[in-house]
Structures are given as C-alpha cells and as structure tokens.
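Worksheet for the structure shown next.
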Amino acid sequence: MVQSPRMVRSAAHALLATLILSLAGMLLIPWQQTTKGTGRVVAYFPTERPQTVQSPIYGRIERWGEGIVEGVKVSEGDLIAVIRDIDTERAKRLADQVAATSEKRRFAELKAATYGRQVLDLVEAREMVMQANRELIEEAKRKVAAEEQALLAAQAAERQTKSNTERQQRLFEQGFTSGVNAEIELRKYEEAVAKVKAAEEYLSAAKNYQAAKVAELEQKAREAQTKVDYARAMQQEALGEAQLTTKELVELQGKQAQFASREIRAPRDGYILRLFANEEAEMLKEGDPLFTIVPETSERAAELMIDGNDIPLVTVGREVRLQFEGYPAVQFAAGWPEVAAGTFAGQVVAMDATDDGLGKFRVLVRPIAGEPWPDDRFLRQGVRVNGWVLLNRVTLGYELWRQLNGFPPVYGGESKGGTDKDVKKVKLPK
C-alpha cells in the first residue's frame with residue numbers, strides 16, 4: 001500500500017528513458033578506430049642518426065681537441081682527437097717501404113719495357129732472316145729450272161748424236177764412208193751421254209740445294225720464333241712482377257694513409273654524445289669506439305613498434321596521432337601554444353618487412369605538411385613517443401560489439417560503420 005513518491009518515480013522514468021536513448025544513440029555516435037604503438041623519435045635519414053666513430057689504428061689518445069667534452073656542439077671537420085701510435089718509428093718504416101716498393105716497381109716496368117723492345121727487334125730480325133732465306137730459295141728454284149733446261153738440251157744432243165752415229169755406222173758397213181767418220185760420230189755420242197749424266201747430277205744437286213734452303217728457312221724461323229717467345233715470356237713475367245709490386249705498393253700506401261689518419265675529425269655537424277676513451281690512459285685497438293656524435297637534423301621521424309596482430313591493418317599513407325614524452329595533452333595559458341591540442345599529426349611512410357624478433361614491426365612516421373612537430377631543441381632524437389594509427393570511422397555501438405567479440409578493427413579495408421572516405425577523421429579524445 002506504500003507507494004514511491006512522485007519525484008522518485010519521475011526520476012526513475014527519466015533514468016530509464018535516458019538509458020534507452022543512450023543505448024539507441026550508441027548506434028549513431030561516431031568512433032575512431034586506432035591501433036597503438038610506442039617508440040622514439042629518430043632522424044629520417046640514416047646518415048643523420050647517432051654515429052659511433054671508431055679508432056682507425058692502434059695507440060693511445062694523445063689529446064682531445066680544444067673544448068671537446070660530452071654535449072658540446074661541433075662542426076664538420078673539427079678536430080676531435082689525436083691518436084699516438086705505439087710504435088714511434090712506424091711512420092718512417094712505412095715511408096721507407098713505400099719508397100723501396102716504388103723503386104722495385106720502376107725496375108720491373110723498365111725490365112718489361114726492355115723486353116718489349118727486344119721482342120720488336122727479334123721480330124724484325126726474324127723477318128729479315130726469313131726474307132733472306134726466301135731469296136736464297138728463289139735462287140735455288142731458278143738454278144733447278146736452269147739445270148732442267150740444261151738436261152733437256154743434253155738429252156736432245158744425245159738423241160741427235162745417237163742418230164748420227166747409227167747412220168754413219170750403216171754407211172760404213174755399206175762402204176759409203178770411212179771408219180774414221182764412224183769413230184768420230186761414236187765419240188760424239190759418248191760425249192753427249194756423258195753430258196746428259198752430268199746434267200742429271202747438276203739437276204739433282206740443285207734440287208738438294210733447294211731442299212736444304214727450305215729446311216734451313218724452317219729451322220731459322222723456329223729459332224727466331226723461340227727467341228721471340230722467350231722475350232715475350234720475360235716481358236710478361238716482368239709485367240706480372242710490376243703488377244704484383246703495384247699491389248704491394250697500394251697496400252703499403254693504404255697502411256701509410258691509415259697511419260696518417262691519427263687526427264680524428266667530426267664527420268658532420270652535430271653534438272658529442274659520449275666519449276669512450278681517456279686521454280693517455282687506455283690502449284686502443286683498431287675498431288675500438290672513440291666517441292658518439294648525434295648529427296644535426298631537421299628531418300625527423302617517429303619510429304613506432306606495432307604489434308604483429310595489427311600490422312596488417314597499417315598501410316603507407318595512414319594518418320597517425322602522436323603524443324611526445326614531456327608534452328602536455330591539455331591547453332596551457334602559456335608555454336607551448338603549438339601543443340595546445342595535445343597530439344601531433346603524422347603519416348606512415350614505411351614499414352619493415354620483418355619483425356624485430358619479438359613479434360613487433362617497425363613503422364616509420366613523418367610529419368604531415370602544414371602540421372609541424374615541436375622545435376628541434378625540444379624534440380630530440382630518442383624522445384619516447386606514443387602513437388595511434390587512425391583506421392576507420394565506425395559507430396560506438398559497433399566498436400563495443402567488436403571489442404566484446406574480439407574481432408579485428410577492419411574487415412578487408414572496410415567496416416560496417418563506413419570507410420575513411422565516408423567520414424572526416426577526428427582527433428583522439430584527450
């Protein structure tokens with residue numbers, strides 16, 4: 001029989017109506033989906049990131065450059081340190097070795113040039129000898145031809161005298177001539193036969209002479225070619241020696257240049273971050289770190305580590321909202337007017353193809369044109385940063401339903417609540 005007061009009933013009805021309206025409104029209130037990453041500020045170009053300069057030689061730090069302490073600003077080419085080699089006579093010995101090797105190379109080059117000229121002279125001498133022997137062979141050929149003609153003439157005379165002898169013998173037997181004429185013709189025939197035999201001997205001797213000259217030409221050609229080949233082999237040996245000496249000289253000059261680099265200078269403009277060696281106290285090996293320099297840069301980027309579950313959702317060109325360590329996320333009356341919104345805009349420009357071994361993927365973010373980040377003197381390399389990669393705009397009801405079901409933020413680049421092109425992106429709530 002006791003009833004609630006009218007005010008209580010009205011308040012309950014109002015709360016119930018508000019709850020119903022809130023649940024209905026959640027289906028329409030927009031929500032920005034994000035994936036979070038943490039990281040640090042780095043230089044965009046790798047050459048402008050912190051660099052550790054190493055010792056090029058063995059030795060000790062003789063002295064640091066004027067005013068060189070940790071945190072000091074240096075310019076490119078400024079003297080940072082001077083290293084003293086342990087072996088004080090090493091420079092002189094290297095110079096002597098370089099001079100001796102240079103002289104050795106000069107001798108090898110002169111030797112190669114001498115043998116080169118000798119090759120040319122031997123080739124010319126070979127051609128002269130062969131030409132002379134060719135002329136002798138031609139002369140022998142002409143002599144053979146002459147002896148062949150003489151043999152033909154002797155054979156013709158033999159046939160003629162033989163015919164005359166036979167005719168005189170018949171006439172003598174018939175009594176038409178005396179025996180003296182027959183004997184004279186017989187003697188002429190015998191002389192003709194002797195001349196034919198002599199002509200054959202001369203022809204054979206001429207042919208033997210020609211063959212001997214041909215063989216002599218071949219022998220002299222081989223001998224001359226052997227001399228030329230030997231001279232060329234010696235020339236190649238000398239050239240090889242010169243090349244080998246050149247290699248030794250280059251190595252010595254490299255060592256000499258390395259030894260000469262005892263003055264360590266700043267590779268670029270920047271700040272000395274750490275000095276790793278003590279003056280006149282520590283022994284340095286080649287490759288030991290000397291100091292770390294942080295180059296000056298105006299091209300900065302944020303290096304975020306994104307979980308492997310979310311990396312498929314991140315693409316090049318996605319907008320990112322960044323919150324830098326040490327910058328407030330509320331409005332101040334004075335101080336940093338550029339950080340009044342609390343976060344800064346960025347854009348994904350690159351992603352690693354593989355993880356860091358712990359399931360995290362590196363994403364590189366650069367500022368968006370027209371929305372600068374804090375000044376260099378406030379935002380140094382290494383400052384920690386939180387980042388939210390903006391995905392799609394959806395309704396709050398869909399986001400709650402997705403979170404309760406453990407679904408990924410995006411299905412194939414599009415969600416029930418719309419796409420990036422449908423609704424203008426908003427900044428994260430503070």
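A note on labels: chains of the structure tokens are A, B, ... as shown, every chain counts residues from 1, and ligands are counted from 1 in their shown order.
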
Within 9 Å of A:Tyr189, counting only C-alpha atoms, which residues qualify if same-chain residues fewer than 2 places away don't, as a short mmCIF file (atom, residue, chain, number, x, y, z; two decimals) with N, CA and C atoms, in the first residue's frame?
```cif
data_model
loop_
_atom_site.label_atom_id
_atom_site.label_comp_id
_atom_site.auth_asym_id
_atom_site.auth_seq_id
_atom_site.Cartn_x
_atom_site.Cartn_y
_atom_site.Cartn_z
N ALA A 157 120.75 -33.37 -127.45
CA ALA A 157 122.02 -33.59 -128.16
C ALA A 157 122.38 -35.07 -128.17
N GLU A 158 122.08 -35.79 -127.10
CA GLU A 158 122.35 -37.23 -127.07
C GLU A 158 121.55 -37.96 -128.15
N ARG A 159 120.29 -37.58 -128.25
CA ARG A 159 119.47 -38.25 -129.27
C ARG A 159 119.98 -37.94 -130.68
N GLN A 160 120.41 -36.70 -130.87
CA GLN A 160 120.91 -36.33 -132.21
C GLN A 160 122.20 -37.07 -132.54
N THR A 161 123.13 -37.10 -131.60
CA THR A 161 124.41 -37.80 -131.86
C THR A 161 124.21 -39.31 -132.01
N LYS A 162 123.26 -39.83 -131.29
CA LYS A 162 122.96 -41.26 -131.41
C LYS A 162 122.45 -41.58 -132.81
N SER A 163 121.59 -40.70 -133.31
CA SER A 163 121.07 -40.93 -134.67
C SER A 163 122.18 -40.81 -135.70
N ASN A 164 123.07 -39.82 -135.52
CA ASN A 164 124.19 -39.65 -136.47
C ASN A 164 125.13 -40.85 -136.39
N THR A 165 125.39 -41.34 -135.20
CA THR A 165 126.29 -42.49 -135.04
C THR A 165 125.71 -43.72 -135.73
N ILE A 184 134.37 -40.96 -135.22
CA ILE A 184 134.14 -39.59 -134.74
C ILE A 184 132.71 -39.43 -134.22
N GLU A 185 131.75 -39.94 -134.95
CA GLU A 185 130.36 -39.83 -134.52
C GLU A 185 130.11 -40.62 -133.24
N LEU A 186 130.80 -41.79 -133.12
CA LEU A 186 130.65 -42.59 -131.90
C LEU A 186 131.20 -41.85 -130.70
N ARG A 187 132.36 -41.16 -130.91
CA ARG A 187 132.94 -40.39 -129.80
C ARG A 187 132.01 -39.24 -129.40
N GLU A 191 130.29 -38.59 -125.77
CA GLU A 191 130.38 -37.30 -125.07
C GLU A 191 128.99 -36.77 -124.71
N ALA A 192 128.02 -36.94 -125.59
CA ALA A 192 126.66 -36.48 -125.33
C ALA A 192 126.04 -37.25 -124.17
N VAL A 193 126.32 -38.56 -124.12
CA VAL A 193 125.80 -39.36 -123.00
C VAL A 193 126.42 -38.88 -121.69
N ALA A 194 127.72 -38.58 -121.73
CA ALA A 194 128.38 -38.09 -120.52
C ALA A 194 127.79 -36.74 -120.08
#
```

Need to verify the contact set: A:Phe276, 10 Å, only C-alpha atoms, exclusion of same-chain residues closer than 4 positions in sequence. Can you return it as an mmCIF file with N, CA and C atoms, in the first residue's frame?
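In the end it all went to part-v8.cif:
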```cif
data_model
loop_
_atom_site.group_PDB
_atom_site.id
_atom_site.type_symbol
_atom_site.label_atom_id
_atom_site.label_comp_id
_atom_site.auth_asym_id
_atom_site.auth_seq_id
_atom_site.Cartn_x
_atom_site.Cartn_y
_atom_site.Cartn_z
ATOM 1 N N THR A 52 78.761 6.201 -34.137
ATOM 2 C CA THR A 52 79.910 5.935 -33.273
ATOM 3 C C THR A 52 81.166 5.886 -34.131
ATOM 4 N N GLN A 54 85.052 5.088 -34.721
ATOM 5 C CA GLN A 54 85.981 4.097 -34.192
ATOM 6 C C GLN A 54 87.427 4.482 -34.481
ATOM 7 N N GLU A 282 94.188 4.736 -21.818
ATOM 8 C CA GLU A 282 93.700 3.463 -22.343
ATOM 9 C C GLU A 282 94.393 3.117 -23.658
ATOM 10 N N ASP A 288 88.103 0.113 -31.991
ATOM 11 C CA ASP A 288 87.521 0.474 -30.699
ATOM 12 C C ASP A 288 86.763 1.802 -30.825
ATOM 13 N N PRO A 289 85.607 1.941 -30.135
ATOM 14 C CA PRO A 289 84.844 3.201 -30.229
ATOM 15 C C PRO A 289 85.579 4.341 -29.539
ATOM 16 N N LEU A 290 85.539 5.502 -30.164
ATOM 17 C CA LEU A 290 86.153 6.698 -29.592
ATOM 18 C C LEU A 290 85.097 7.644 -29.023
ATOM 19 N N PHE A 291 84.083 7.949 -29.830
ATOM 20 C CA PHE A 291 83.035 8.850 -29.375
ATOM 21 C C PHE A 291 81.790 8.618 -30.225
ATOM 22 N N THR A 292 80.668 9.088 -29.718
ATOM 23 C CA THR A 292 79.399 9.034 -30.440
ATOM 24 C C THR A 292 78.952 10.453 -30.724
#
```

Practice problem: Quick one: pick out all alpha helix (DSSP H) residues within stretch 190-316 of chain A from a backbone DSSP run and write them as a ChimeraX atom specification. | Solution: /A:190-260

Could you find all residues in stretch 56-269 of chain A that DSSP calls strand (DSSP E) from the backbone, and write them as a compact mmCIF listing (two decimals) with C-alpha atoms, in the first residue's frame?
```txt
# COMPACT_ATOMS: atom_id res chain seq x y z
CA ARG A 60 96.52 5.93 -27.26
CA ILE A 61 94.59 9.19 -27.18
CA GLU A 62 97.36 11.79 -27.24
CA ARG A 63 94.95 14.66 -26.69
CA TRP A 64 91.36 15.69 -27.29
CA LYS A 73 78.38 21.16 -30.45
CA VAL A 74 80.93 20.54 -33.25
CA LEU A 79 89.42 18.19 -34.58
CA ILE A 80 88.04 15.72 -32.04
CA ALA A 81 91.11 13.72 -31.01
CA VAL A 82 94.73 12.95 -31.91
CA ILE A 83 95.89 9.34 -31.58
CA ARG A 84 99.54 8.49 -30.95
CA GLU A 263 93.73 13.12 -36.37
CA ILE A 264 90.08 12.22 -35.84
CA ARG A 265 87.70 14.89 -37.08
```

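Restricting the calculation to only C-alpha atoms, the smallest distance between A:Thr245 and any of A:Ile20, A:Leu313, A:Val98, A:Val294 is found for A:Val98.
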